[in-house]
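S.K.: Questions regarding the structure given below will be posed in turn.
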Amino acid sequence: MSTTKPVRKAVIPVAGLGTRFLPVTKAMPKEMLPVVDKPAIQYVVEEAVSVGLSDILMITGRNKRALEDHFDRVPSLEATLEEKGDEKKLAAIQESSNLGDIHYVRQGDPNGLGHAVLCAERHVGDEPFAVLLGDDLIDERDELLGEMIRVQQATGGSVVALMEVPAEAISAYGCADVTPVEGESYVQVHGLVEKPAPEDAPSNLAIIGRYVLHPAVFEVLKETGPGRGGEIQLTDALQTLAKREGEGGGVYGVVFRGRRYDTGDKLSYLKAVVTLACGREEFGDDLRSWLRDFVADGAGVPASAGA
Ligand code: G1P
């Protein structure tokens with residue numbers, strides 16, 4: 001059996017149109033929506049870098065220029081802040097341009113998450129790699145990706161992040177059929193279904209947007225036909241790998257029990273922003289006390305609304 005190559009690269013698909021956030025995403029990528037004072041995408045890049053994945057490939061599309069600008073340097077702004085001696089703001093803008101080695105490839109004609117991952121083939125080559133989806137933010141205090149990398153290295157297969165969700169919510173996710181692996185903290189994945197109806201779901205374990213994949217997934221994706229929504233689904237390719245034995249086969253799951261923030265739709269995005277803002281040292285206490293008063297005063301509901 002060949003030795004497992006180390007995981008060095010992260011792939012972040014960002015070509016989605018962001019239609020759930022219209023009209024704000026008409027001229028701005030959804031990944032640039034602010035979560036407190038940083039765009040959502042920066043949290044994801046920081047997560048990858050924090051586990052040593054400083055080679056990052058973004059799969060982009062039209063309308064995504066702002067993302068490239070955000071991770072680039074702005075010498076004129078740096079000079080202005082330097083002149084003013086504003087070290088704090090200078091550090092804040094330099095942070096995002098010093099994060100890692102960020103590359104971009106265009107998806108062209110977006111045809112699903114599986115298609116986006118396939119666009120990474122040339123950059124990734126023949127080594128295992130991570131995929132991070134921007135709608136899911138993982139609290140930096142809770143470990144997930146590092147553990148997934150360890151499981152990939154130990155098993156030589158592919159690894160998905162799983163989280164228990166209420167039964168009725170499973171139809172928004174890929175769903176995994178799993179069994180425990182004796183003596184290990186991870187589970188073996190036997191089957192995967194993309195966005196099943198609750199009555200067809202094999203479990204309440206949802207795939208959240210973190211994967212560490214064996215490069216065998218590329219060949220499988222090329223053979224994977226359109227699935228749910230007429231798109232090439234990563235979940236379907238992983239279903240094939242879950243059934244495969246030998247080199248590149250096998251899918252495992254790490255069940256995450258930490259804090260995850262979903263920025264994928266307007267309501268959950270608002271909850272994520274408030275939750276993360278409440279944790280900020282500089283204004284968390286003030287915000288919490290304001291929220292308590294706001295709720296006690298009826299939380300902005302017009303007096304006539306409940307009558
Ligand atoms: C994608 C995947 C799905 C996964 C989800 C996690 O769906 O296809 O399997 O559960 O991400 O966020 P999307 O949310 O892009 O429709």
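Convention: chains lettered A, B, ... in structure tokens order; per-chain residue numbering from 1; ligands numbered from 1 as shown.
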Quick one: residues within 7 Å of ligand 1, with only C-alpha atoms and all ligand atoms, as a list in words?
M.R.: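 Using only C-alpha atoms and all ligand atoms, everything at most 7 Å from ligand 1 comes to Leu113, Leu133, Asp135, Asp136, Ala172, Tyr173, Gly174, Cys175, Glu194, Lys195, Ala206, Ile207, Ile208, Gly209, Gln233, Leu234 and Thr235 of chain A.
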S.K.: Any idea what's packed within 7 Å of Asn63 (chain A), counting only C-alpha atoms, ignoring anything in its chain fewer than 2 positions away? Could you give it as a list in words?
M.R.: Ala27, Met28, Pro29, Gly61 and Arg65 of chain A
S.K.: List every residue of region 80-233 of chain A that DSSP, applied to the backbone of this structure, places in helix (DSSP H, G or I), and write the result as JSON, numbers by chain.
M.R.: {"A": [80, 81, 82, 83, 84, 87, 88, 89, 90, 91, 92, 93, 94, 95, 96, 97, 113, 114, 115, 116, 117, 118, 121, 122, 123, 124, 145, 146, 147, 148, 149, 150, 151, 152, 153, 154, 155, 167, 168, 169, 170, 171, 172, 198, 199, 200, 216, 217, 218, 219, 220, 221, 222, 223, 228, 229, 230]}
S.K.: Could you turn the residues from that selection into a file that holds C-alpha atoms, as a tab-separated table (two decimals), in the first residue's frame?
M.R.:
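Saved result, again_21.tsv, follows:
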chain	number	residue	atom	x	y	z
A	80	THR	CA	-1.84	56.47	4.36
A	81	LEU	CA	-2.33	54.50	7.58
A	82	GLU	CA	1.43	54.36	8.14
A	83	GLU	CA	1.66	58.15	7.76
A	84	LYS	CA	-1.12	58.59	10.29
A	87	GLU	CA	-0.98	50.74	13.61
A	88	LYS	CA	-4.18	48.94	14.54
A	89	LYS	CA	-5.96	49.58	11.26
A	90	LEU	CA	-2.76	48.92	9.34
A	91	ALA	CA	-2.45	45.50	10.98
A	92	ALA	CA	-6.13	44.79	10.25
A	93	ILE	CA	-5.77	45.41	6.51
A	94	GLN	CA	-2.43	43.63	6.26
A	95	GLU	CA	-3.79	40.56	8.01
A	96	SER	CA	-5.95	39.47	5.10
A	97	SER	CA	-3.17	39.92	2.53
A	113	LEU	CA	-20.18	21.47	-6.03
A	114	GLY	CA	-18.74	18.32	-7.64
A	115	HIS	CA	-17.93	20.30	-10.77
A	116	ALA	CA	-16.30	23.04	-8.67
A	117	VAL	CA	-14.06	20.49	-6.93
A	118	LEU	CA	-13.10	18.98	-10.29
A	121	GLU	CA	-7.64	18.90	-10.18
A	122	ARG	CA	-4.68	20.47	-11.92
A	123	HIS	CA	-3.71	22.62	-8.94
A	124	VAL	CA	-4.12	19.84	-6.37
A	145	LEU	CA	-10.32	20.33	10.32
A	146	GLY	CA	-7.13	19.28	12.15
A	147	GLU	CA	-8.89	16.14	13.38
A	148	MET	CA	-10.23	15.40	9.88
A	149	ILE	CA	-6.70	15.64	8.47
A	150	ARG	CA	-5.48	13.16	11.11
A	151	VAL	CA	-8.27	10.74	10.18
A	152	GLN	CA	-7.43	11.06	6.47
A	153	GLN	CA	-3.78	10.31	7.19
A	154	ALA	CA	-4.68	7.33	9.39
A	155	THR	CA	-7.22	5.78	7.00
A	167	ALA	CA	-34.82	15.35	11.48
A	168	GLU	CA	-36.82	17.93	9.51
A	169	ALA	CA	-33.67	19.90	8.63
A	170	ILE	CA	-31.83	17.04	6.91
A	171	SER	CA	-33.29	17.84	3.48
A	172	ALA	CA	-30.97	20.89	3.32
A	198	PRO	CA	-36.75	13.39	6.06
A	199	GLU	CA	-38.59	10.09	5.57
A	200	ASP	CA	-35.86	8.79	3.23
A	216	ALA	CA	-9.19	9.54	-6.39
A	217	VAL	CA	-12.28	11.75	-6.11
A	218	PHE	CA	-11.28	13.55	-9.33
A	219	GLU	CA	-11.54	10.44	-11.52
A	220	VAL	CA	-14.83	9.54	-9.85
A	221	LEU	CA	-16.24	13.04	-10.40
A	222	LYS	CA	-15.50	12.78	-14.12
A	223	GLU	CA	-17.73	9.69	-14.24
A	228	ARG	CA	-29.92	16.33	-7.39
A	229	GLY	CA	-30.92	19.61	-9.05
A	230	GLY	CA	-29.33	18.41	-12.32
S.K.: Please provide the set of residues having any atom within 9 Å of Met163 (chain A), restricted to only C-alpha atoms, with same-chain residues fewer than 2 positions apart removed, written as a list in words.
M.R.: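 The neighbour list is Ala161, Val165, Asn204, Leu205, Ala206, Ile207, Ile208, Val254, Val255, Phe256 and Arg257 of chain A.
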S.K.: Would you mind exporting all heavy atoms of the selected residues as a CSV table (one decimal), in the first residue's frame?
M.R.:
chain,number,residue,atom,x,y,z
A,161,ALA,N,-17.1,16.0,7.3
A,161,ALA,CA,-17.5,16.5,8.7
A,161,ALA,C,-19.0,16.3,8.8
A,161,ALA,O,-19.8,16.7,7.9
A,161,ALA,CB,-17.2,18.0,8.8
A,165,VAL,N,-28.4,17.0,13.1
A,165,VAL,CA,-29.4,18.1,12.9
A,165,VAL,C,-30.8,17.6,13.2
A,165,VAL,O,-31.0,16.4,13.1
A,165,VAL,CB,-29.3,18.7,11.4
A,165,VAL,CG1,-28.0,19.3,11.1
A,165,VAL,CG2,-29.7,17.7,10.4
A,204,ASN,N,-29.7,11.3,11.0
A,204,ASN,CA,-29.8,12.7,11.2
A,204,ASN,C,-28.5,13.4,11.2
A,204,ASN,O,-28.3,14.5,11.7
A,204,ASN,CB,-30.6,13.1,12.5
A,204,ASN,CG,-29.8,12.7,13.7
A,204,ASN,OD1,-28.9,11.8,13.6
A,204,ASN,ND2,-30.1,13.2,14.9
A,205,LEU,N,-27.5,12.7,10.5
A,205,LEU,CA,-26.1,13.2,10.4
A,205,LEU,C,-26.0,14.0,9.1
A,205,LEU,O,-26.0,13.3,8.0
A,205,LEU,CB,-25.1,12.1,10.6
A,205,LEU,CG,-24.9,11.5,12.0
A,205,LEU,CD1,-24.1,10.3,11.9
A,205,LEU,CD2,-24.3,12.6,12.9
A,206,ALA,N,-25.8,15.3,9.2
A,206,ALA,CA,-25.7,16.1,8.0
A,206,ALA,C,-24.2,16.4,7.7
A,206,ALA,O,-23.4,16.5,8.6
A,206,ALA,CB,-26.4,17.4,8.2
A,207,ILE,N,-23.9,16.4,6.4
A,207,ILE,CA,-22.5,16.8,6.0
A,207,ILE,C,-22.5,18.3,6.2
A,207,ILE,O,-23.3,19.1,5.6
A,207,ILE,CB,-22.2,16.5,4.5
A,207,ILE,CG1,-22.4,15.0,4.2
A,207,ILE,CG2,-20.8,16.9,4.2
A,207,ILE,CD1,-22.3,14.7,2.8
A,208,ILE,N,-21.6,18.8,7.0
A,208,ILE,CA,-21.3,20.3,7.1
A,208,ILE,C,-20.1,20.5,6.2
A,208,ILE,O,-19.4,19.6,5.9
A,208,ILE,CB,-21.2,20.8,8.5
A,208,ILE,CG1,-20.1,20.0,9.3
A,208,ILE,CG2,-22.5,20.7,9.2
A,208,ILE,CD1,-19.8,20.6,10.6
A,254,VAL,N,-16.1,12.6,10.7
A,254,VAL,CA,-15.8,13.1,12.0
A,254,VAL,C,-17.1,13.8,12.5
A,254,VAL,O,-17.5,14.8,11.8
A,254,VAL,CB,-14.6,14.1,12.0
A,254,VAL,CG1,-14.4,14.8,13.3
A,254,VAL,CG2,-13.3,13.3,11.6
A,255,VAL,N,-17.6,13.4,13.6
A,255,VAL,CA,-18.9,14.0,14.1
A,255,VAL,C,-18.5,15.3,14.9
A,255,VAL,O,-17.9,15.1,15.9
A,255,VAL,CB,-19.8,13.0,14.8
A,255,VAL,CG1,-21.0,13.7,15.3
A,255,VAL,CG2,-20.1,11.8,14.0
A,256,PHE,N,-18.9,16.4,14.4
A,256,PHE,CA,-18.6,17.7,15.1
A,256,PHE,C,-19.6,18.0,16.1
A,256,PHE,O,-20.8,18.0,15.8
A,256,PHE,CB,-18.4,18.8,14.0
A,256,PHE,CG,-18.0,20.1,14.6
A,256,PHE,CD1,-16.8,20.3,15.2
A,256,PHE,CD2,-18.8,21.2,14.4
A,256,PHE,CE1,-16.4,21.5,15.7
A,256,PHE,CE2,-18.4,22.5,14.9
A,256,PHE,CZ,-17.2,22.6,15.5
A,257,ARG,N,-19.2,18.3,17.3
A,257,ARG,CA,-20.1,18.7,18.4
A,257,ARG,C,-19.8,20.1,18.9
A,257,ARG,O,-20.3,20.5,20.0
A,257,ARG,CB,-20.1,17.7,19.6
A,257,ARG,CG,-20.5,16.3,19.1
A,257,ARG,CD,-20.9,15.4,20.2
A,257,ARG,NE,-21.6,14.2,19.6
A,257,ARG,CZ,-21.0,13.2,19.0
A,257,ARG,NH1,-19.6,13.2,19.0
A,257,ARG,NH2,-21.6,12.2,18.5
S.K.: Running DSSP on the backbone, which parts of region 2-91 of chain A land in strand (DSSP E or B), as an NGL selection string?
M.R.: :A and (9-13 or 34-35 or 38-39 or 55-60)
S.K.: Calculated over only C-alpha atoms, which of the candidates A:Ile102, A:Ala197, A:Val189, A:Leu137 has the smallest distance to Ser54 (chain A)?
M.R.: A:Ile102
S.K.: With a cut-off of 12 Å, could you pull out the residues of region 64-158 of chain A touching region 279-295 of chain A and give me the nearest pair of atoms for each, distance in Å to one decimal, using only C-alpha atoms, ordered by chain and ascending number, as a Markdown table?
M.R.:
| residue | atom | partner | partner_atom | distance |
| --- | --- | --- | --- | --- |
| A:Asp139 | CA | A:Gly279 | CA | 10.8 |
| A:Glu140 | CA | A:Gly279 | CA | 11.9 |
| A:Arg141 | CA | A:Gly279 | CA | 11.7 |
S.K.: By how many Å are CA of Tyr261 (chain A) and CA of Ile138 (chain A) apart?
M.R.: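 One can read the CA of Tyr261 (chain A) to CA of Ile138 (chain A) distance as 6.4 Å.
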S.K.: Find the residue from A:Pro13, A:Thr4, A:Gly253, A:Val35 that sits nearest to Leu276 (chain A); use only C-alpha atoms when measuring.
M.R.: A:Val35
S.K.: Go through A:Gly16, A:Gly264, A:Gly112, A:Gly134 and flag the residue nearest Pro39 (chain A), using only C-alpha atoms for the distances.
M.R.: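 Ranking A:Gly16, A:Gly264, A:Gly112, A:Gly134 by distance to Pro39 (chain A), first place goes to A:Gly134.
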